[in-house]
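query-v4.pdb (PDB, C-alpha atoms) appears below.
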```
ATOM      1  CA  MET R 316      53.563 -95.590  31.243  1.00  0.00           C
ATOM      2  CA  LEU R 317      49.784 -95.666  31.183  1.00  0.00           C
ATOM      3  CA  ALA R 318      49.580 -92.015  30.134  1.00  0.00           C
ATOM      4  CA  ASN R 319      51.972 -92.659  27.236  1.00  0.00           C
ATOM      5  CA  ALA R 320      49.892 -95.614  26.064  1.00  0.00           C
ATOM      6  CA  ARG R 321      46.701 -93.537  26.128  1.00  0.00           C
ATOM      7  CA  TYR R 322      48.450 -90.735  24.252  1.00  0.00           C
ATOM      8  CA  LEU R 323      49.649 -93.137  21.562  1.00  0.00           C
ATOM      9  CA  THR R 324      46.223 -94.729  21.136  1.00  0.00           C
ATOM     10  CA  SER R 325      44.640 -91.290  20.777  1.00  0.00           C
ATOM     11  CA  LEU R 326      47.195 -90.353  18.115  1.00  0.00           C
ATOM     12  CA  ALA R 327      46.459 -93.551  16.206  1.00  0.00           C
ATOM     13  CA  VAL R 328      42.979 -92.217  15.398  1.00  0.00           C
ATOM     14  CA  VAL R 329      44.258 -88.919  13.955  1.00  0.00           C
ATOM     15  CA  ASP R 330      44.601 -88.888  10.176  1.00  0.00           C
ATOM     16  CA  ASP R 331      48.077 -88.337   8.834  1.00  0.00           C
ATOM     17  CA  PRO R 332      47.927 -85.408   6.360  1.00  0.00           C
ATOM     18  CA  THR R 333      51.294 -86.277   4.815  1.00  0.00           C
ATOM     19  CA  GLU R 334      49.785 -88.161   1.866  1.00  0.00           C
ATOM     20  CA  ALA R 335      47.265 -85.401   1.140  1.00  0.00           C
ATOM     21  CA  LYS R 336      50.038 -82.787   1.219  1.00  0.00           C
ATOM     22  CA  HIS R 337      52.112 -84.894  -1.154  1.00  0.00           C
ATOM     23  CA  ASP R 338      49.121 -85.199  -3.511  1.00  0.00           C
ATOM     24  CA  LEU R 339      48.560 -81.437  -3.458  1.00  0.00           C
ATOM     25  CA  ASP R 340      52.243 -80.810  -4.191  1.00  0.00           C
ATOM     26  CA  ARG R 341      52.031 -83.272  -7.060  1.00  0.00           C
ATOM     27  CA  VAL R 342      49.007 -81.627  -8.697  1.00  0.00           C
ATOM     28  CA  THR R 343      50.218 -78.039  -8.271  1.00  0.00           C
ATOM     29  CA  THR R 344      53.567 -78.555 -10.015  1.00  0.00           C
ATOM     30  CA  ARG R 345      54.234 -78.668 -13.764  1.00  0.00           C
ATOM     31  CA  LYS R 346      54.183 -82.086 -15.457  1.00  0.00           C
ATOM     32  CA  LYS R 347      55.120 -83.450 -18.848  1.00  0.00           C
ATOM     33  CA  ASP R 348      52.528 -85.326 -20.875  1.00  0.00           C
ATOM     34  CA  ALA R 349      53.138 -88.498 -22.885  1.00  0.00           C
ATOM     35  CA  ALA R 350      54.498 -86.487 -25.826  1.00  0.00           C
ATOM     36  CA  GLY R 351      56.957 -84.630 -23.599  1.00  0.00           C
ATOM     37  CA  ARG R 352      55.103 -81.310 -23.674  1.00  0.00           C
ATOM     38  CA  SER R 353      54.858 -79.367 -20.458  1.00  0.00           C
ATOM     39  CA  CYS R 354      51.489 -78.971 -18.704  1.00  0.00           C
ATOM     40  CA  SER R 355      50.872 -76.377 -16.024  1.00  0.00           C
ATOM     41  CA  GLY R 356      49.803 -77.321 -12.538  1.00  0.00           C
ATOM     42  CA  PHE R 357      46.385 -76.786 -11.017  1.00  0.00           C
ATOM     43  CA  ASN R 358      45.390 -74.353  -8.309  1.00  0.00           C
ATOM     44  CA  PRO R 359      42.842 -76.458  -6.424  1.00  0.00           C
ATOM     45  CA  LEU R 360      41.179 -73.480  -4.770  1.00  0.00           C
ATOM     46  CA  ALA R 361      40.940 -71.209  -7.822  1.00  0.00           C
ATOM     47  CA  ARG R 362      37.535 -70.888  -9.459  1.00  0.00           C
ATOM     48  CA  PRO R 363      38.582 -71.894 -13.023  1.00  0.00           C
ATOM     49  CA  ASP R 364      40.199 -75.123 -11.860  1.00  0.00           C
ATOM     50  CA  THR R 365      37.296 -75.839  -9.525  1.00  0.00           C
ATOM     51  CA  GLU R 366      34.893 -75.494 -12.467  1.00  0.00           C
ATOM     52  CA  ILE R 367      36.896 -78.143 -14.328  1.00  0.00           C
ATOM     53  CA  PHE R 368      36.932 -80.412 -11.285  1.00  0.00           C
ATOM     54  CA  ARG R 369      33.156 -80.072 -10.788  1.00  0.00           C
ATOM     55  CA  ALA R 370      32.447 -80.810 -14.436  1.00  0.00           C
ATOM     56  CA  VAL R 371      34.605 -83.935 -14.413  1.00  0.00           C
ATOM     57  CA  MET R 372      33.298 -85.220 -11.069  1.00  0.00           C
ATOM     58  CA  ASP R 373      29.626 -84.823 -12.001  1.00  0.00           C
ATOM     59  CA  GLY R 374      27.610 -87.886 -11.048  1.00  0.00           C
ATOM     60  CA  GLU R 375      26.352 -88.342 -14.610  1.00  0.00           C
ATOM     61  CA  HIS R 376      29.785 -89.606 -15.615  1.00  0.00           C
ATOM     62  CA  CYS R 377      30.234 -92.294 -12.961  1.00  0.00           C
ATOM     63  CA  LEU R 378      29.030 -95.268 -15.002  1.00  0.00           C
ATOM     64  CA  ARG R 379      30.004 -94.562 -18.595  1.00  0.00           C
ATOM     65  CA  GLY R 380      32.656 -91.877 -18.279  1.00  0.00           C
ATOM     66  CA  PHE R 381      32.578 -88.565 -20.131  1.00  0.00           C
ATOM     67  CA  THR R 382      33.361 -87.221 -23.567  1.00  0.00           C
ATOM     68  CA  ASN R 383      34.601 -83.909 -24.859  1.00  0.00           C
ATOM     69  CA  ARG R 384      31.030 -82.865 -25.657  1.00  0.00           C
ATOM     70  CA  ASP R 385      29.831 -83.666 -22.110  1.00  0.00           C
ATOM     71  CA  ILE R 386      32.472 -81.445 -20.530  1.00  0.00           C
ATOM     72  CA  ARG R 387      31.947 -78.738 -23.153  1.00  0.00           C
ATOM     73  CA  THR R 388      28.297 -78.429 -22.177  1.00  0.00           C
ATOM     74  CA  LYS R 389      29.217 -78.260 -18.471  1.00  0.00           C
ATOM     75  CA  LEU R 390      31.840 -75.556 -19.068  1.00  0.00           C
ATOM     76  CA  GLN R 391      29.740 -73.576 -21.561  1.00  0.00           C
ATOM     77  CA  SER R 392      29.340 -70.538 -19.306  1.00  0.00           C
ATOM     78  CA  SER R 393      32.743 -70.813 -17.634  1.00  0.00           C
ATOM     79  CA  ILE R 394      35.802 -68.665 -18.166  1.00  0.00           C
ATOM     80  CA  HIS R 395      37.411 -71.478 -20.168  1.00  0.00           C
ATOM     81  CA  LEU R 396      35.016 -71.250 -23.115  1.00  0.00           C
ATOM     82  CA  LYS R 397      33.925 -67.588 -22.969  1.00  0.00           C
ATOM     83  CA  ARG R 398      36.371 -66.467 -25.653  1.00  0.00           C
ATOM     84  CA  CYS R 399      34.894 -68.840 -28.230  1.00  0.00           C
ATOM     85  CA  PRO R 400      31.141 -69.003 -27.459  1.00  0.00           C
ATOM     86  CA  LYS R 401      29.903 -69.836 -30.955  1.00  0.00           C
ATOM     87  CA  GLU R 402      32.869 -71.807 -32.285  1.00  0.00           C
ATOM     88  CA  PRO R 403      32.492 -75.529 -31.507  1.00  0.00           C
ATOM     89  CA  LYS R 404      35.861 -76.506 -33.019  1.00  0.00           C
ATOM     90  CA  LYS R 405      37.752 -74.059 -30.824  1.00  0.00           C
ATOM     91  CA  GLN R 406      35.749 -75.162 -27.791  1.00  0.00           C
ATOM     92  CA  SER R 407      36.523 -78.782 -28.545  1.00  0.00           C
ATOM     93  CA  SER R 408      40.218 -77.981 -28.873  1.00  0.00           C
ATOM     94  CA  LYS R 409      40.193 -76.115 -25.573  1.00  0.00           C
ATOM     95  CA  VAL R 410      38.525 -79.036 -23.769  1.00  0.00           C
ATOM     96  CA  SER R 411      41.031 -81.428 -25.376  1.00  0.00           C
ATOM     97  CA  ARG R 412      43.859 -79.356 -23.919  1.00  0.00           C
ATOM     98  CA  ILE R 413      42.131 -79.479 -20.523  1.00  0.00           C
ATOM     99  CA  PHE R 414      41.926 -83.283 -20.863  1.00  0.00           C
ATOM    100  CA  ARG R 415      45.638 -83.449 -21.741  1.00  0.00           C
ATOM    101  CA  ARG R 416      46.437 -81.462 -18.609  1.00  0.00           C
ATOM    102  CA  LEU R 417      44.214 -83.627 -16.389  1.00  0.00           C
ATOM    103  CA  HIS R 418      45.692 -86.785 -17.909  1.00  0.00           C
ATOM    104  CA  ALA R 419      49.280 -85.590 -17.445  1.00  0.00           C
ATOM    105  CA  HIS R 420      48.584 -85.133 -13.745  1.00  0.00           C
ATOM    106  CA  GLY R 421      46.994 -88.585 -13.473  1.00  0.00           C
ATOM    107  CA  LEU R 422      43.513 -87.327 -12.632  1.00  0.00           C
ATOM    108  CA  ILE R 423      41.741 -88.919 -15.610  1.00  0.00           C
ATOM    109  CA  ALA R 424      42.381 -91.944 -17.822  1.00  0.00           C
ATOM    110  CA  LYS R 425      41.141 -92.906 -21.277  1.00  0.00           C
ATOM    111  CA  ILE R 426      38.669 -95.779 -21.542  1.00  0.00           C
ATOM    112  CA  PRO R 427      40.216 -98.119 -24.146  1.00  0.00           C
ATOM    113  CA  ARG R 428      38.628 -98.309 -27.621  1.00  0.00           C
ATOM    114  CA  THR R 429      36.220 -95.440 -26.920  1.00  0.00           C
ATOM    115  CA  ARG R 430      36.208 -91.660 -26.981  1.00  0.00           C
ATOM    116  CA  ARG R 431      35.381 -91.581 -23.307  1.00  0.00           C
ATOM    117  CA  TRP R 432      37.427 -90.705 -20.245  1.00  0.00           C
ATOM    118  CA  LYS R 433      37.030 -91.607 -16.572  1.00  0.00           C
ATOM    119  CA  VAL R 434      38.305 -90.139 -13.330  1.00  0.00           C
ATOM    120  CA  THR R 435      41.030 -92.300 -11.752  1.00  0.00           C
ATOM    121  CA  LEU R 436      40.988 -93.371  -8.100  1.00  0.00           C
ATOM    122  CA  TYR R 437      43.758 -90.864  -7.401  1.00  0.00           C
ATOM    123  CA  GLY R 438      41.708 -88.225  -9.221  1.00  0.00           C
ATOM    124  CA  ARG R 439      38.589 -89.004  -7.190  1.00  0.00           C
ATOM    125  CA  ARG R 440      40.530 -88.732  -3.953  1.00  0.00           C
ATOM    126  CA  LEU R 441      42.311 -85.504  -4.867  1.00  0.00           C
ATOM    127  CA  ILE R 442      39.439 -83.725  -6.630  1.00  0.00           C
ATOM    128  CA  GLY R 443      36.989 -84.753  -3.916  1.00  0.00           C
ATOM    129  CA  THR R 444      39.333 -83.419  -1.247  1.00  0.00           C
ATOM    130  CA  THR R 445      39.870 -80.097  -3.003  1.00  0.00           C
ATOM    131  CA  LEU R 446      36.140 -79.588  -3.619  1.00  0.00           C
ATOM    132  CA  TYR R 447      35.408 -80.446   0.003  1.00  0.00           C
ATOM    133  CA  LEU R 448      38.065 -77.985   1.226  1.00  0.00           C
ATOM    134  CA  ARG R 449      36.755 -75.221  -0.991  1.00  0.00           C
ATOM    135  CA  ASP R 450      33.108 -75.748  -0.041  1.00  0.00           C
ATOM    136  CA  SER R 451      33.381 -76.527   3.657  1.00  0.00           C
ATOM    137  CA  ASP R 452      36.613 -75.048   4.993  1.00  0.00           C
ATOM    138  CA  PHE R 453      36.754 -71.859   2.916  1.00  0.00           C
ATOM    139  CA  PRO R 454      33.097 -71.044   2.123  1.00  0.00           C
ATOM    140  CA  ARG R 455      33.371 -67.285   2.724  1.00  0.00           C
ATOM    141  CA  ALA R 456      36.683 -66.825   0.960  1.00  0.00           C
ATOM    142  CA  TYR R 457      35.616 -68.864  -2.084  1.00  0.00           C
ATOM    143  CA  PRO R 458      31.830 -68.735  -2.502  1.00  0.00           C
ATOM    144  CA  SER R 459      30.398 -71.633  -4.483  1.00  0.00           C
ATOM    145  CA  PRO R 460      28.629 -70.728  -7.725  1.00  0.00           C
ATOM    146  CA  PHE R 461      26.072 -73.478  -7.006  1.00  0.00           C
ATOM    147  CA  ALA R 462      25.018 -72.290  -3.550  1.00  0.00           C
TER     148      ALA R 462
END
```

Please express the file's structure as structure tokens.
Amino acid sequence: MLANARYLTSLAVVDDPTEAKHDLDRVTTRKKDAAGRSCSGFNPLARPDTEIFRAVMDGEHCLRGFTNRDIRTKLQSSIHLKRCPKEPKKQSSKVSRIFRRLHAHGLIAKIPRTRRWKVTLYGRRLIGTTLYLRDSDFPRAYPSPFA
């Protein structure tokens, strides 16, 4: 009896990964946005999606949120905006589509009566977890561009 009690108390400290797995399944599958259009899922360990996640989670955006222009400047040298380097309208459209995708998955939310967006609590938890996994658990397989 005593051994079973000790075993159960030791298991109580272990984190249950079920919620994190559910969150990863949720973000990697296709979703429909508010207009009913389909949005592709994210690959949390792929470099292009990680670049988006890093740009959105930048500490500069914690207080006031971020705008299309803020994210455009962060993604300027990324694969997302390489095809239209000198065309601000096309870049803006591309970032708007990225926002639609992030919003459809529940990672960001619009700040009412502004042109700003913020990362949701779910988004902070999921994006933070994926960035942590990529940087700490898979550093050799996925080298960080900021290291």

- request: Find the residues around segment 396-400 of chain R up to 12 Å (all atoms listed in the file counted), leave out those fewer than 6 positions away in its own chain, and share them as a list in words.
  value: Pro363, Glu366, Ile367, Ile386, Arg387, Thr388, Lys389, Leu390, Gln406, Ser407, Ser408, Lys409, Val410 and Ile413 of chain R

message: When you count all atoms listed in the file, which of these residues is closest to Pro427 of chain R: R:Asp338, R:Arg362, R:Lys347, R:Gly380?
response: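 Smallest distance to Pro427 of chain R is found for R:Gly380.
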
field: Computed interatomic separation between atom CA of Ile423 of chain R and atom CA of Asp373 of chain R (Å)
entry: 13.3 Å

- prompt: How many Å lie between atom CA of Ser355 of chain R and atom CA of Val342 of chain R, rounded to one decimal?
  reply: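 These two atoms are separated by 9.2 Å.
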
message: Just want the 12 Å neighbourhood of Arg379 of chain R, counted on all atoms listed in the file, with same-chain residues fewer than 5 positions away dropped. Output as a list of chain:residue names.
response: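 Here the answer would be R:Asp373, R:Gly374, R:Asp385, R:Lys425, R:Ile426, R:Thr429, R:Arg430, R:Arg431, R:Trp432, R:Lys433, R:Val434.
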
- request: Please measure the separation of atom CA of Thr343 of chain R and atom CA of Arg415 of chain R, giving the value in Å to one decimal.
  value: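 Computed distance, atom CA of Thr343 of chain R to atom CA of Arg415 of chain R, equals 15.2 Å.
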
Produce the centre coordinates and the three edge lengths, each in Å to one decimal, of the box along x, y and z that contains all listed atoms of segment 359-373 of chain R with 5 Å added on each side, as lines of an AutoDock Vina configuration file.
```
center_x = 36.2
center_y = -78.1
center_z = -9.6
size_x = 23.2
size_y = 24.3
size_z = 19.7
```

- request: Output the residue selection produced by the PyMOL selection byres ((chain R and resi 346) around 12) on the file above, formatted as a list of chain:residue names.
  value: R:Asp340, R:Arg341, R:Val342, R:Thr343, R:Thr344, R:Arg345, R:Lys347, R:Asp348, R:Ala349, R:Ala350, R:Gly351, R:Arg352, R:Ser353, R:Cys354, R:Ser355, R:Gly356, R:Phe357, R:Arg415, R:Arg416, R:Leu417, R:His418, R:Ala419, R:His420, R:Gly421

Any chance you could export the current selection's C-alpha atoms as a PDB file, in the coordinates of the input?
```
ATOM      1  CA  ASP R 340      52.243 -80.810  -4.191  1.00  0.00           C
ATOM      2  CA  ARG R 341      52.031 -83.272  -7.060  1.00  0.00           C
ATOM      3  CA  VAL R 342      49.007 -81.627  -8.697  1.00  0.00           C
ATOM      4  CA  THR R 343      50.218 -78.039  -8.271  1.00  0.00           C
ATOM      5  CA  THR R 344      53.567 -78.555 -10.015  1.00  0.00           C
ATOM      6  CA  ARG R 345      54.234 -78.668 -13.764  1.00  0.00           C
ATOM      7  CA  LYS R 347      55.120 -83.450 -18.848  1.00  0.00           C
ATOM      8  CA  ASP R 348      52.528 -85.326 -20.875  1.00  0.00           C
ATOM      9  CA  ALA R 349      53.138 -88.498 -22.885  1.00  0.00           C
ATOM     10  CA  ALA R 350      54.498 -86.487 -25.826  1.00  0.00           C
ATOM     11  CA  GLY R 351      56.957 -84.630 -23.599  1.00  0.00           C
ATOM     12  CA  ARG R 352      55.103 -81.310 -23.674  1.00  0.00           C
ATOM     13  CA  SER R 353      54.858 -79.367 -20.458  1.00  0.00           C
ATOM     14  CA  CYS R 354      51.489 -78.971 -18.704  1.00  0.00           C
ATOM     15  CA  SER R 355      50.872 -76.377 -16.024  1.00  0.00           C
ATOM     16  CA  GLY R 356      49.803 -77.321 -12.538  1.00  0.00           C
ATOM     17  CA  PHE R 357      46.385 -76.786 -11.017  1.00  0.00           C
ATOM     18  CA  ARG R 415      45.638 -83.449 -21.741  1.00  0.00           C
ATOM     19  CA  ARG R 416      46.437 -81.462 -18.609  1.00  0.00           C
ATOM     20  CA  LEU R 417      44.214 -83.627 -16.389  1.00  0.00           C
ATOM     21  CA  HIS R 418      45.692 -86.785 -17.909  1.00  0.00           C
ATOM     22  CA  ALA R 419      49.280 -85.590 -17.445  1.00  0.00           C
ATOM     23  CA  HIS R 420      48.584 -85.133 -13.745  1.00  0.00           C
ATOM     24  CA  GLY R 421      46.994 -88.585 -13.473  1.00  0.00           C
TER      25      GLY R 421
END
```

- request: Take the PyMOL selection byres ((chain R and resi 365) around 12), apply it to the structure above, and return the hits as a ChimeraX atom specification.
  value: /R:357-364,366-372,390,393-395,441-450,457-461

Could I get segment 401-432 of chain R rebuilt with N, CA and C atoms, written as a compact mmCIF listing (two decimals), keeping the file's coordinate frame?
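The resulting result.txt:
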```
# COMPACT_ATOMS: atom_id res chain seq x y z
N LYS R 401 30.66 -69.28 -29.84
CA LYS R 401 29.90 -69.84 -30.96
C LYS R 401 30.78 -70.64 -31.90
N GLU R 402 31.94 -71.07 -31.43
CA GLU R 402 32.87 -71.81 -32.28
C GLU R 402 33.13 -73.19 -31.70
N PRO R 403 32.38 -74.20 -32.11
CA PRO R 403 32.49 -75.53 -31.51
C PRO R 403 33.87 -76.17 -31.69
N LYS R 404 34.54 -75.90 -32.80
CA LYS R 404 35.86 -76.51 -33.02
C LYS R 404 36.88 -75.95 -32.03
N LYS R 405 36.83 -74.65 -31.79
CA LYS R 405 37.75 -74.06 -30.82
C LYS R 405 37.43 -74.53 -29.41
N GLN R 406 36.14 -74.66 -29.11
CA GLN R 406 35.75 -75.16 -27.79
C GLN R 406 36.23 -76.59 -27.59
N SER R 407 36.07 -77.40 -28.61
CA SER R 407 36.52 -78.78 -28.54
C SER R 407 38.03 -78.86 -28.34
N SER R 408 38.77 -78.01 -29.03
CA SER R 408 40.22 -77.98 -28.87
C SER R 408 40.61 -77.56 -27.47
N LYS R 409 39.90 -76.58 -26.93
CA LYS R 409 40.19 -76.11 -25.57
C LYS R 409 39.94 -77.22 -24.55
N VAL R 410 38.83 -77.94 -24.69
CA VAL R 410 38.52 -79.04 -23.77
C VAL R 410 39.54 -80.17 -23.94
N SER R 411 40.00 -80.41 -25.16
CA SER R 411 41.03 -81.43 -25.38
C SER R 411 42.32 -81.06 -24.65
N ARG R 412 42.67 -79.79 -24.65
CA ARG R 412 43.86 -79.36 -23.92
C ARG R 412 43.66 -79.50 -22.41
N ILE R 413 42.43 -79.27 -21.94
CA ILE R 413 42.13 -79.48 -20.52
C ILE R 413 42.28 -80.96 -20.19
N PHE R 414 41.79 -81.84 -21.07
CA PHE R 414 41.93 -83.28 -20.86
C PHE R 414 43.40 -83.70 -20.82
N ARG R 415 44.21 -83.12 -21.71
CA ARG R 415 45.64 -83.45 -21.74
C ARG R 415 46.29 -83.07 -20.41
N ARG R 416 45.90 -81.93 -19.89
CA ARG R 416 46.44 -81.46 -18.61
C ARG R 416 46.00 -82.37 -17.46
N LEU R 417 44.72 -82.73 -17.43
CA LEU R 417 44.21 -83.63 -16.39
C LEU R 417 44.88 -85.00 -16.48
N HIS R 418 45.08 -85.48 -17.69
CA HIS R 418 45.69 -86.78 -17.91
C HIS R 418 47.17 -86.78 -17.51
N ALA R 419 47.87 -85.69 -17.81
CA ALA R 419 49.28 -85.59 -17.44
C ALA R 419 49.47 -85.64 -15.93
N HIS R 420 48.50 -85.12 -15.20
CA HIS R 420 48.58 -85.13 -13.74
C HIS R 420 48.01 -86.42 -13.14
N GLY R 421 47.50 -87.31 -13.97
CA GLY R 421 46.99 -88.58 -13.47
C GLY R 421 45.60 -88.52 -12.89
N LEU R 422 44.86 -87.48 -13.20
CA LEU R 422 43.51 -87.33 -12.63
C LEU R 422 42.46 -88.04 -13.46
N ILE R 423 42.68 -88.19 -14.76
CA ILE R 423 41.74 -88.92 -15.61
C ILE R 423 42.51 -89.92 -16.46
N ALA R 424 41.79 -90.92 -16.95
CA ALA R 424 42.38 -91.94 -17.82
C ALA R 424 41.41 -92.23 -18.96
N LYS R 425 41.95 -92.60 -20.09
CA LYS R 425 41.14 -92.91 -21.28
C LYS R 425 40.54 -94.29 -21.13
N ILE R 426 39.30 -94.46 -21.50
CA ILE R 426 38.67 -95.78 -21.54
C ILE R 426 39.06 -96.39 -22.88
N PRO R 427 39.70 -97.55 -22.89
CA PRO R 427 40.22 -98.12 -24.15
C PRO R 427 39.12 -98.34 -25.19
N ARG R 428 39.48 -98.10 -26.44
CA ARG R 428 38.63 -98.31 -27.62
C ARG R 428 37.34 -97.48 -27.60
N THR R 429 37.36 -96.36 -26.92
CA THR R 429 36.22 -95.44 -26.92
C THR R 429 36.74 -94.01 -27.00
N ARG R 430 35.83 -93.07 -27.06
CA ARG R 430 36.21 -91.66 -26.98
C ARG R 430 35.89 -91.10 -25.61
N ARG R 431 35.78 -91.98 -24.66
CA ARG R 431 35.38 -91.58 -23.31
C ARG R 431 36.57 -91.60 -22.35
N TRP R 432 36.43 -90.81 -21.30
CA TRP R 432 37.43 -90.70 -20.24
C TRP R 432 36.76 -91.01 -18.92
```
